[in-house]
Amino acid sequence: MKETLFLFLLAMLIGCQPEPDAQRLYDELVVSTSYDKSADFKAYATYALPTDTIGFVSNSSPDTILVASENSFPRPVLDAVARNMNALGFTRVDRNGSPDLGVNVAVVNDFNVFQEIVYPDPYYYSGGFYPGYYGYGSAYYYPFVNTYAYNTGVVIVELVDLKNKNANNEVRVVWTAYLGDVYSTIDLIPQTEAAIDQAFRQSPYLQQGL
Amino acid sequence: MKMLTLILLTFLSTSAFAQGQYFYLTLDFAKPLANTEWIGDMATRGARVGYRSFINDKISAGLDLGWNTYDQYNPTETRETGNTAITTDYFKYIYSYSATVSGQYNFEVGEGDRFHPYAGLGLGAVNQQHAIYYNIYHDSERSWGFLARPEAGILVRLSRYGSFGLMGAIHYDYSTNKSPKFNYGSFSALGFQLGIVFIEL
């Protein structure tokens with residue numbers, strides 16, 4: 001009876017605080033871009049981009065790259081970036097061909113697990129009952145473990161100025177796009193491609209010849 | 001303190017000899033009137049429950065508890081700030097929970113009449129949470145505020161001396177809830193109630 005009342009109150013509380021439907025919430029990625037105001041994007045003409053590999057930074061995996069031969073994600077993502085760069089007027093060259101811009105694409109993954117041990121209140125607990133457990137004279141109720149996990153990740157696309165290295169041979173990032181979350185998508189690859197298109201669309205200053 | 005005790009005792013003693021009472025449960029539809037650029041849509045999710053006791057023929061007093069969820073969907077748009085731009089759609093919510101002590105002036109009706117119009121004022125507190133969801137991300141801000149709620153309504157008994165009836169009311173809510181993050185200096189809304197009432201007169 002008490003459990004029923006508790007569940008009823010819980011349902012009331014959830015009903016009082018509705019949240020968006022997940023299908024609608026996750027059907028498109030959030031696209032965020034920023035650029036270096038001091039960069040002269042018209043001064044860049046060429047770019048280099050890996051053909052089959054994207055970076056992978058994760059707190060739950062030792063892998064540092066995602067390779068097209070093992071994963072279906074890198075190829076369409078890299079193709080989408082190249083298609084947009086070409087459409088803006090940039091020319092793709094080999095990484096040894098002195099590109100003006102280097103394009104970095106990476107997935108940053110954050111995986112976390114939380115666990116909590118719950119000791120049932122005997123008064124409310126209606127489950128099993130084990131007298132004299134481990135020598136204790138009184139009733140004992142097994143604790144149970146609640147496990148919560150979240151796994152999130154963003155795709156990062158960076159344009160790196162390779163043309164204007166400083167005296168220490170350091171480079172600077174002149175444009176960055178963050179696309180997320182790629183771990184809660186409805187359809188990962190089409191949504192990521194659409195997000196890449198949007199990232200370039202909302203960055204008209206990249207257009208060559210403007 | 002003595003004055004407060006005296007008022008409380010007077011209220012309790014008159015309540016003990018109350019000529020009637022009623023309990024109501026209504027749906028509550030509310031239209032925000034503050035910062036309608038953020039949420040301006042009518043809230044169709046809401047309810048009120050309350051108990052009121054008659055102190056004399058014309059005056060009643062009681063307690064009201066209310067809940068409203070205001071929400072609005074913003075289709076995908078690009079917002080630019082300085083050298084950054086963000087594109088997403090937004091789901092915006094205000095979760096509002098209120099509790100008021102209210103008093104009503106009940107307009108005189110004939111013995112056994114089925115219609116009981118009233119006008120009143122509720123004063124109390126409201127807890128609001130402003131929240132915005134976009135993809136897996138969300139941001140929110142919670143606040144407490146003082147609530148003033150003038151209200152006019154009518155109780156309609158379904159039969160001449162029956163205890164079951166319908167209730168309709170219109171109310172204006174003004175609360176001092178602030179949410180700097182979502183650009184609210186206060187909150188106000190116009191609400192419409194429709195529901196059932198159990199009357200003992």
# chains A, B, ... in the order shown; residues from 1 in each chain; ligands from 1

call {"tool": "closest_atom_pairs", "arguments": {"of": "chain B", "to": "chain A", "cutoff": "6 Å", "atoms": "only C-alpha atoms", "output": "CSV"}}
result
residue,atom,partner,partner_atom,distance
B:Asn83,CA,A:Ser34,CA,5.5
B:Thr84,CA,A:Ser34,CA,4.2
B:Ala85,CA,A:Thr33,CA,5.3
B:Ile86,CA,A:Ser32,CA,4.2
B:Thr87,CA,A:Val31,CA,5.0
B:Thr88,CA,A:Val30,CA,5.0
B:Asn135,CA,A:Leu25,CA,5.0

call {"tool": "write_last_selection", "arguments": {"atoms": "C-alpha atoms", "output": "PDB file, in the first residue's frame"}}
result
ATOM      1  CA  ASN B  83      32.655  35.903 -32.787  1.00  0.00           C
ATOM      2  CA  THR B  84      30.472  32.927 -31.842  1.00  0.00           C
ATOM      3  CA  ALA B  85      27.276  31.486 -33.272  1.00  0.00           C
ATOM      4  CA  ILE B  86      25.061  28.701 -31.991  1.00  0.00           C
ATOM      5  CA  THR B  87      22.312  26.881 -33.854  1.00  0.00           C
ATOM      6  CA  THR B  88      19.738  24.764 -32.078  1.00  0.00           C
ATOM      7  CA  ASN B 135      19.686  18.439 -27.144  1.00  0.00           C
TER       8      ASN B 135
END

call {"tool": "select_by_dssp", "arguments": {"residues": "range 9-142 of chain B", "states": "helix (DSSP H, G or I)", "output": "NGL selection string"}}
result
:B and (9-16)

call {"tool": "write_last_selection", "arguments": {"atoms": "C-alpha atoms", "output": "PDB file, in the first residue's frame"}}
result
ATOM      1  CA  LEU B   9      -8.008  32.222  17.827  1.00  0.00           C
ATOM      2  CA  THR B  10     -10.778  34.374  16.417  1.00  0.00           C
ATOM      3  CA  PHE B  11     -10.331  32.779  12.998  1.00  0.00           C
ATOM      4  CA  LEU B  12     -10.261  29.245  14.425  1.00  0.00           C
ATOM      5  CA  SER B  13     -13.295  29.814  16.640  1.00  0.00           C
ATOM      6  CA  THR B  14     -15.325  31.287  13.799  1.00  0.00           C
ATOM      7  CA  SER B  15     -14.197  28.413  11.573  1.00  0.00           C
ATOM      8  CA  ALA B  16     -15.344  25.942  14.183  1.00  0.00           C
TER       9      ALA B  16
END

call {"tool": "select_by_dssp", "arguments": {"residues": "range 31-170 of chain B", "states": "strand (DSSP E or B)", "output": "CSV table (one decimal) with N, CA and C atoms, in the first residue's frame"}}
result
chain,number,residue,atom,x,y,z
B,31,LYS,N,-2.3,32.0,-18.9
B,31,LYS,CA,-1.6,32.7,-20.0
B,31,LYS,C,-0.6,33.7,-19.4
B,32,PRO,N,0.7,33.5,-19.7
B,32,PRO,CA,1.7,34.4,-19.1
B,32,PRO,C,1.5,35.8,-19.6
B,43,ALA,N,-0.6,28.0,-20.9
B,43,ALA,CA,-0.2,26.8,-20.3
B,43,ALA,C,-1.5,25.9,-20.1
B,45,ARG,N,-1.3,22.8,-19.0
B,45,ARG,CA,-1.0,21.8,-17.9
B,45,ARG,C,-1.0,22.6,-16.6
B,46,GLY,N,-2.0,22.3,-15.8
B,46,GLY,CA,-2.0,23.0,-14.5
B,46,GLY,C,-3.3,22.5,-13.7
B,47,ALA,N,-3.2,22.7,-12.4
B,47,ALA,CA,-4.3,22.3,-11.6
B,47,ALA,C,-4.3,23.1,-10.3
B,48,ARG,N,-5.5,23.2,-9.7
B,48,ARG,CA,-5.6,23.8,-8.4
B,48,ARG,C,-6.5,23.0,-7.5
B,49,VAL,N,-6.1,22.9,-6.3
B,49,VAL,CA,-6.9,22.2,-5.3
B,49,VAL,C,-7.0,23.1,-4.1
B,50,GLY,N,-8.2,23.1,-3.4
B,50,GLY,CA,-8.3,24.0,-2.3
B,50,GLY,C,-9.4,23.6,-1.3
B,51,TYR,N,-9.3,24.2,-0.2
B,51,TYR,CA,-10.4,24.0,0.8
B,51,TYR,C,-10.7,25.4,1.4
B,52,ARG,N,-12.0,25.7,1.5
B,52,ARG,CA,-12.5,26.9,2.0
B,52,ARG,C,-13.6,26.8,3.0
B,53,SER,N,-13.6,27.5,4.0
B,53,SER,CA,-14.6,27.4,5.0
B,53,SER,C,-15.3,28.8,5.2
B,54,PHE,N,-16.6,28.8,5.4
B,54,PHE,CA,-17.3,30.0,5.6
B,54,PHE,C,-17.2,30.5,7.0
B,59,ILE,N,-18.4,35.8,4.1
B,59,ILE,CA,-16.9,35.7,4.0
B,59,ILE,C,-16.5,34.2,4.2
B,60,SER,N,-15.6,33.8,3.3
B,60,SER,CA,-15.0,32.5,3.5
B,60,SER,C,-13.5,32.6,3.4
B,61,ALA,N,-12.8,31.6,3.9
B,61,ALA,CA,-11.3,31.7,3.9
B,61,ALA,C,-10.8,30.3,3.8
B,62,GLY,N,-9.6,30.1,3.2
B,62,GLY,CA,-9.1,28.8,3.0
B,62,GLY,C,-7.7,28.7,2.5
B,63,LEU,N,-7.3,27.6,2.0
B,63,LEU,CA,-6.0,27.3,1.5
B,63,LEU,C,-6.1,26.8,0.1
B,64,ASP,N,-5.2,27.3,-0.8
B,64,ASP,CA,-5.2,26.8,-2.2
B,64,ASP,C,-3.8,26.4,-2.5
B,65,LEU,N,-3.7,25.2,-3.2
B,65,LEU,CA,-2.4,24.8,-3.7
B,65,LEU,C,-2.5,24.7,-5.3
B,66,GLY,N,-1.5,25.2,-6.0
B,66,GLY,CA,-1.6,25.2,-7.4
B,66,GLY,C,-0.3,24.7,-8.1
B,67,TRP,N,-0.5,24.3,-9.3
B,67,TRP,CA,0.6,23.9,-10.1
B,67,TRP,C,0.3,24.3,-11.6
B,68,ASN,N,1.3,24.9,-12.2
B,68,ASN,CA,1.2,25.2,-13.7
B,68,ASN,C,2.6,24.9,-14.3
B,69,THR,N,2.5,24.3,-15.5
B,69,THR,CA,3.7,24.2,-16.3
B,69,THR,C,3.5,25.0,-17.6
B,70,TYR,N,4.3,26.0,-17.7
B,70,TYR,CA,4.3,26.8,-19.0
B,70,TYR,C,5.4,26.3,-19.9
B,71,ASP,N,5.1,26.1,-21.1
B,71,ASP,CA,6.2,25.7,-22.0
B,71,ASP,C,6.0,26.3,-23.4
B,72,GLN,N,7.1,26.4,-24.1
B,72,GLN,CA,7.1,26.9,-25.5
B,72,GLN,C,8.3,26.3,-26.2
B,73,TYR,N,8.0,26.0,-27.5
B,73,TYR,CA,9.0,25.4,-28.3
B,73,TYR,C,9.5,26.5,-29.3
B,74,ASN,N,10.9,26.7,-29.3
B,74,ASN,CA,11.4,27.6,-30.3
B,74,ASN,C,12.1,26.8,-31.4
B,75,PRO,N,11.6,26.9,-32.6
B,75,PRO,CA,12.2,26.2,-33.7
B,75,PRO,C,13.7,26.6,-33.9
B,76,THR,N,14.4,25.7,-34.6
B,76,THR,CA,15.9,25.9,-34.8
B,76,THR,C,16.2,27.3,-35.3
B,77,GLU,N,17.1,28.0,-34.6
B,77,GLU,CA,17.5,29.3,-35.1
B,77,GLU,C,19.0,29.5,-34.7
B,78,THR,N,19.7,30.4,-35.4
B,78,THR,CA,21.1,30.7,-35.2
B,78,THR,C,21.2,32.0,-34.4
B,79,ARG,N,21.9,32.0,-33.3
B,79,ARG,CA,22.1,33.2,-32.5
B,79,ARG,C,23.6,33.5,-32.5
B,80,GLU,N,23.9,34.8,-32.8
B,80,GLU,CA,25.3,35.2,-32.9
B,80,GLU,C,25.6,36.2,-31.8
B,81,THR,N,26.7,35.9,-31.2
B,81,THR,CA,27.2,36.8,-30.2
B,81,THR,C,28.7,37.0,-30.4
B,84,THR,N,31.0,34.3,-32.0
B,84,THR,CA,30.5,32.9,-31.8
B,84,THR,C,29.1,32.9,-32.4
B,85,ALA,N,28.6,31.7,-32.8
B,85,ALA,CA,27.3,31.5,-33.3
B,85,ALA,C,26.8,30.1,-32.8
B,86,ILE,N,25.6,30.0,-32.4
B,86,ILE,CA,25.1,28.7,-32.0
B,86,ILE,C,23.7,28.5,-32.7
B,87,THR,N,23.6,27.3,-33.2
B,87,THR,CA,22.3,26.9,-33.9
B,87,THR,C,21.7,25.7,-33.1
B,88,THR,N,20.5,25.9,-32.7
B,88,THR,CA,19.7,24.8,-32.1
B,88,THR,C,18.3,25.1,-32.0
B,89,ASP,N,17.5,24.2,-31.6
B,89,ASP,CA,16.1,24.5,-31.2
B,89,ASP,C,16.0,24.4,-29.7
B,90,TYR,N,15.0,25.1,-29.1
B,90,TYR,CA,15.0,25.2,-27.7
B,90,TYR,C,13.6,24.8,-27.2
B,91,PHE,N,13.6,24.1,-26.0
B,91,PHE,CA,12.4,23.8,-25.3
B,91,PHE,C,12.4,24.5,-24.0
B,92,LYS,N,11.5,25.4,-23.8
B,92,LYS,CA,11.5,26.3,-22.7
B,92,LYS,C,10.4,26.0,-21.7
B,93,TYR,N,10.7,26.0,-20.4
B,93,TYR,CA,9.6,25.6,-19.4
B,93,TYR,C,9.7,26.6,-18.2
B,94,ILE,N,8.5,26.8,-17.7
B,94,ILE,CA,8.5,27.3,-16.3
B,94,ILE,C,7.6,26.4,-15.5
B,95,TYR,N,8.2,25.8,-14.5
B,95,TYR,CA,7.4,25.0,-13.5
B,95,TYR,C,7.1,25.8,-12.3
B,96,SER,N,5.8,25.9,-12.1
B,96,SER,CA,5.3,26.8,-11.0
B,96,SER,C,4.5,26.1,-10.0
B,97,TYR,N,4.8,26.2,-8.7
B,97,TYR,CA,4.0,25.6,-7.6
B,97,TYR,C,3.7,26.7,-6.6
B,98,SER,N,2.4,26.8,-6.3
B,98,SER,CA,2.0,27.9,-5.4
B,98,SER,C,1.2,27.4,-4.2
B,99,ALA,N,1.2,28.2,-3.2
B,99,ALA,CA,0.4,27.9,-2.0
B,99,ALA,C,-0.1,29.3,-1.5
B,100,THR,N,-1.4,29.4,-1.3
B,100,THR,CA,-1.9,30.7,-0.8
B,100,THR,C,-2.9,30.5,0.3
B,101,VAL,N,-3.0,31.5,1.1
B,101,VAL,CA,-4.1,31.6,2.0
B,101,VAL,C,-5.1,32.6,1.4
B,102,SER,N,-6.3,32.3,1.3
B,102,SER,CA,-7.2,33.1,0.5
B,102,SER,C,-8.5,33.5,1.3
B,103,GLY,N,-9.0,34.6,1.0
B,103,GLY,CA,-10.3,35.0,1.5
B,103,GLY,C,-11.3,35.4,0.4
B,104,GLN,N,-12.5,35.1,0.6
B,104,GLN,CA,-13.5,35.4,-0.5
B,104,GLN,C,-14.7,36.2,0.1
B,105,TYR,N,-15.2,37.0,-0.7
B,105,TYR,CA,-16.5,37.6,-0.4
B,105,TYR,C,-17.5,36.9,-1.3
B,106,ASN,N,-18.5,36.3,-0.7
B,106,ASN,CA,-19.5,35.5,-1.4
B,106,ASN,C,-20.8,36.3,-1.6
B,115,PHE,N,-26.4,28.6,-7.5
B,115,PHE,CA,-25.3,29.4,-8.0
B,115,PHE,C,-24.6,30.2,-6.8
B,116,HIS,N,-23.3,30.2,-6.7
B,116,HIS,CA,-22.6,30.9,-5.6
B,116,HIS,C,-21.4,31.7,-6.2
B,117,PRO,N,-21.7,32.9,-6.6
B,117,PRO,CA,-20.6,33.7,-7.1
B,117,PRO,C,-19.7,34.3,-6.0
B,118,TYR,N,-18.5,34.5,-6.3
B,118,TYR,CA,-17.6,35.1,-5.2
B,118,TYR,C,-16.5,35.9,-5.9
B,119,ALA,N,-15.9,36.7,-5.1
B,119,ALA,CA,-14.6,37.4,-5.5
B,119,ALA,C,-13.7,37.3,-4.3
B,120,GLY,N,-12.4,37.2,-4.6
B,120,GLY,CA,-11.5,37.0,-3.4
B,120,GLY,C,-10.0,37.4,-3.7
B,121,LEU,N,-9.2,37.2,-2.7
B,121,LEU,CA,-7.8,37.5,-2.9
B,121,LEU,C,-7.0,36.4,-2.2
B,122,GLY,N,-6.0,35.9,-2.8
B,122,GLY,CA,-5.1,34.9,-2.2
B,122,GLY,C,-3.7,35.5,-2.1
B,123,LEU,N,-3.1,35.2,-1.0
B,123,LEU,CA,-1.7,35.7,-0.7
B,123,LEU,C,-0.9,34.5,-0.3
B,124,GLY,N,0.3,34.4,-0.8
B,124,GLY,CA,1.1,33.3,-0.4
B,124,GLY,C,2.5,33.3,-1.1
B,125,ALA,N,2.9,32.1,-1.4
B,125,ALA,CA,4.3,31.9,-1.9
B,125,ALA,C,4.2,31.0,-3.2
B,126,VAL,N,5.2,31.3,-4.1
B,126,VAL,CA,5.3,30.5,-5.3
B,126,VAL,C,6.7,30.1,-5.5
B,127,ASN,N,6.9,28.9,-5.9
B,127,ASN,CA,8.2,28.4,-6.3
B,127,ASN,C,8.2,28.2,-7.8
B,128,GLN,N,9.2,28.8,-8.5
B,128,GLN,CA,9.2,28.6,-9.9
B,128,GLN,C,10.6,28.2,-10.3
B,129,GLN,N,10.6,27.3,-11.3
B,129,GLN,CA,11.9,26.9,-12.0
B,129,GLN,C,11.8,27.2,-13.4
B,130,HIS,N,12.7,28.1,-13.9
B,130,HIS,CA,12.8,28.4,-15.3
B,130,HIS,C,13.8,27.4,-15.9
B,131,ALA,N,13.5,26.7,-17.0
B,131,ALA,CA,14.4,25.7,-17.5
B,131,ALA,C,14.4,25.8,-19.1
B,132,ILE,N,15.5,25.5,-19.6
B,132,ILE,CA,15.6,25.5,-21.1
B,132,ILE,C,16.4,24.2,-21.5
B,133,TYR,N,15.9,23.5,-22.4
B,133,TYR,CA,16.5,22.2,-22.9
B,133,TYR,C,16.9,22.4,-24.3
B,134,TYR,N,18.1,21.9,-24.7
B,134,TYR,CA,18.4,21.8,-26.1
B,134,TYR,C,19.4,20.7,-26.2
B,137,TYR,N,21.6,19.1,-23.4
B,137,TYR,CA,22.0,20.2,-22.5
B,137,TYR,C,20.8,20.9,-21.9
B,138,HIS,N,20.9,21.4,-20.7
B,138,HIS,CA,19.9,22.2,-20.2
B,138,HIS,C,20.4,23.1,-19.1
B,139,ASP,N,19.6,24.2,-18.9
B,139,ASP,CA,20.0,25.2,-17.9
B,139,ASP,C,18.8,25.6,-17.2
B,140,SER,N,18.9,25.9,-15.9
B,140,SER,CA,17.7,26.3,-15.2
B,140,SER,C,18.0,27.2,-14.0
B,141,GLU,N,17.0,27.8,-13.5
B,141,GLU,CA,17.1,28.7,-12.4
B,141,GLU,C,15.8,28.6,-11.6
B,142,ARG,N,16.0,28.5,-10.2
B,142,ARG,CA,14.8,28.3,-9.4
B,142,ARG,C,14.7,29.5,-8.4
B,143,SER,N,13.5,29.9,-8.1
B,143,SER,CA,13.3,31.1,-7.3
B,143,SER,C,12.0,30.9,-6.4
B,144,TRP,N,12.0,31.6,-5.3
B,144,TRP,CA,10.8,31.8,-4.5
B,144,TRP,C,10.3,33.2,-4.6
B,145,GLY,N,9.0,33.3,-4.6
B,145,GLY,CA,8.5,34.7,-4.6
B,145,GLY,C,7.2,34.8,-3.8
B,146,PHE,N,6.8,36.0,-3.6
B,146,PHE,CA,5.5,36.3,-2.9
B,146,PHE,C,4.5,36.4,-4.0
B,147,LEU,N,3.3,35.8,-3.7
B,147,LEU,CA,2.2,35.7,-4.7
B,147,LEU,C,1.0,36.4,-4.3
B,148,ALA,N,0.4,37.3,-5.1
B,148,ALA,CA,-0.9,37.9,-4.9
B,148,ALA,C,-1.8,37.5,-6.0
B,149,ARG,N,-3.0,37.0,-5.6
B,149,ARG,CA,-3.8,36.4,-6.6
B,149,ARG,C,-5.3,36.9,-6.4
B,150,PRO,N,-5.7,38.0,-7.0
B,150,PRO,CA,-7.2,38.3,-7.0
B,150,PRO,C,-7.9,37.3,-7.9
B,151,GLU,N,-9.1,37.0,-7.5
B,151,GLU,CA,-9.8,35.9,-8.2
B,151,GLU,C,-11.3,36.1,-8.1
B,152,ALA,N,-12.0,35.8,-9.2
B,152,ALA,CA,-13.5,35.8,-9.2
B,152,ALA,C,-14.0,34.5,-9.8
B,153,GLY,N,-15.0,34.0,-9.2
B,153,GLY,CA,-15.5,32.7,-9.7
B,153,GLY,C,-16.9,32.4,-9.3
B,154,ILE,N,-17.3,31.2,-9.6
B,154,ILE,CA,-18.7,30.8,-9.3
B,154,ILE,C,-18.7,29.3,-9.0
B,155,LEU,N,-19.5,28.9,-8.0
B,155,LEU,CA,-19.7,27.5,-7.7
B,155,LEU,C,-21.1,27.2,-8.2
B,156,VAL,N,-21.3,26.1,-8.8
B,156,VAL,CA,-22.6,25.7,-9.3
B,156,VAL,C,-23.0,24.3,-8.8
B,157,ARG,N,-23.9,24.3,-8.0
B,157,ARG,CA,-24.4,22.9,-7.5
B,157,ARG,C,-25.2,22.3,-8.5
B,164,PHE,N,-22.4,18.1,-4.7
B,164,PHE,CA,-21.5,18.0,-5.8
B,164,PHE,C,-21.8,19.1,-6.8
B,165,GLY,N,-20.8,19.8,-7.3
B,165,GLY,CA,-21.0,20.8,-8.2
B,165,GLY,C,-19.8,21.1,-9.1
B,166,LEU,N,-19.9,22.1,-9.9
B,166,LEU,CA,-18.9,22.6,-10.8
B,166,LEU,C,-18.3,23.9,-10.3
B,167,MET,N,-17.1,24.2,-10.7
B,167,MET,CA,-16.5,25.5,-10.3
B,167,MET,C,-15.8,26.1,-11.5
B,168,GLY,N,-16.0,27.4,-11.7
B,168,GLY,CA,-15.3,28.1,-12.7
B,168,GLY,C,-14.7,29.4,-12.1
B,169,ALA,N,-13.6,29.8,-12.5
B,169,ALA,CA,-13.0,31.0,-11.9
B,169,ALA,C,-12.0,31.6,-12.9
B,170,ILE,N,-11.8,32.9,-12.7
B,170,ILE,CA,-10.7,33.6,-13.4
B,170,ILE,C,-9.8,34.2,-12.4

call {"tool": "atom_distance", "arguments": {"atom1": "CA of Phe56 in chain A", "atom2": "CA of Ala87 in chain A"}}
result
26.6 Å

call {"tool": "residues_around", "arguments": {"residues": "range 78-86 of chain A", "least_positions_apart": "6", "cutoff": "12 Å", "atoms": "only C-alpha atoms", "output": "VMD selection string"}}
result
chain A and resid 44 to 55 66 to 68 72 92 to 93 101 to 106 155 to 159 177 189 to 204 206 to 208

call {"tool": "write_last_selection", "arguments": {"atoms": "C-alpha atoms", "output": "PDB file, in the first residue's frame"}}
result
ATOM      1  CA  TYR A  44      44.073  31.148 -47.078  1.00  0.00           C
ATOM      2  CA  ALA A  45      43.676  29.206 -50.284  1.00  0.00           C
ATOM      3  CA  THR A  46      44.541  25.581 -49.561  1.00  0.00           C
ATOM      4  CA  TYR A  47      43.810  23.052 -46.864  1.00  0.00           C
ATOM      5  CA  ALA A  48      44.824  19.540 -45.832  1.00  0.00           C
ATOM      6  CA  LEU A  49      42.463  17.001 -44.331  1.00  0.00           C
ATOM      7  CA  PRO A  50      43.008  13.356 -43.373  1.00  0.00           C
ATOM      8  CA  THR A  51      41.240  10.929 -45.658  1.00  0.00           C
ATOM      9  CA  ASP A  52      40.169   8.203 -43.319  1.00  0.00           C
ATOM     10  CA  THR A  53      41.049   9.067 -39.737  1.00  0.00           C
ATOM     11  CA  ILE A  54      39.606  11.343 -37.099  1.00  0.00           C
ATOM     12  CA  GLY A  55      40.899  11.958 -33.621  1.00  0.00           C
ATOM     13  CA  LEU A  66      38.802   6.396 -35.247  1.00  0.00           C
ATOM     14  CA  VAL A  67      39.738   4.751 -38.524  1.00  0.00           C
ATOM     15  CA  ALA A  68      37.403   4.358 -41.494  1.00  0.00           C
ATOM     16  CA  SER A  72      31.617   3.819 -40.369  1.00  0.00           C
ATOM     17  CA  ARG A  92      42.472  20.521 -50.969  1.00  0.00           C
ATOM     18  CA  VAL A  93      46.142  19.575 -51.070  1.00  0.00           C
ATOM     19  CA  LEU A 101      45.033  25.505 -43.299  1.00  0.00           C
ATOM     20  CA  GLY A 102      45.101  22.193 -41.494  1.00  0.00           C
ATOM     21  CA  VAL A 103      41.715  20.706 -40.693  1.00  0.00           C
ATOM     22  CA  ASN A 104      41.443  18.721 -37.468  1.00  0.00           C
ATOM     23  CA  VAL A 105      38.409  16.575 -36.835  1.00  0.00           C
ATOM     24  CA  ALA A 106      38.000  14.781 -33.519  1.00  0.00           C
ATOM     25  CA  VAL A 155      32.587  16.362 -32.744  1.00  0.00           C
ATOM     26  CA  ILE A 156      35.135  19.132 -32.998  1.00  0.00           C
ATOM     27  CA  VAL A 157      36.237  20.567 -36.318  1.00  0.00           C
ATOM     28  CA  GLU A 158      39.153  23.004 -36.263  1.00  0.00           C
ATOM     29  CA  LEU A 159      40.852  25.089 -38.905  1.00  0.00           C
ATOM     30  CA  ALA A 177      32.986  24.057 -34.604  1.00  0.00           C
ATOM     31  CA  ILE A 189      25.670   9.992 -39.469  1.00  0.00           C
ATOM     32  CA  PRO A 190      22.963  12.035 -41.264  1.00  0.00           C
ATOM     33  CA  GLN A 191      22.625  14.274 -38.207  1.00  0.00           C
ATOM     34  CA  THR A 192      26.384  14.804 -38.042  1.00  0.00           C
ATOM     35  CA  GLU A 193      26.573  15.580 -41.767  1.00  0.00           C
ATOM     36  CA  ALA A 194      23.717  18.071 -41.404  1.00  0.00           C
ATOM     37  CA  ALA A 195      25.464  19.650 -38.417  1.00  0.00           C
ATOM     38  CA  ILE A 196      28.717  20.042 -40.373  1.00  0.00           C
ATOM     39  CA  ASP A 197      26.806  21.729 -43.196  1.00  0.00           C
ATOM     40  CA  GLN A 198      25.203  24.051 -40.659  1.00  0.00           C
ATOM     41  CA  ALA A 199      28.560  24.884 -39.051  1.00  0.00           C
ATOM     42  CA  PHE A 200      29.900  26.151 -42.367  1.00  0.00           C
ATOM     43  CA  ARG A 201      26.591  27.825 -43.287  1.00  0.00           C
ATOM     44  CA  GLN A 202      26.670  29.913 -40.105  1.00  0.00           C
ATOM     45  CA  SER A 203      30.272  30.951 -40.850  1.00  0.00           C
ATOM     46  CA  PRO A 204      29.929  33.033 -44.034  1.00  0.00           C
ATOM     47  CA  LEU A 206      35.014  31.661 -44.438  1.00  0.00           C
ATOM     48  CA  GLN A 207      33.809  32.160 -48.002  1.00  0.00           C
ATOM     49  CA  GLN A 208      36.681  32.834 -50.397  1.00  0.00           C
TER      50      GLN A 208
END
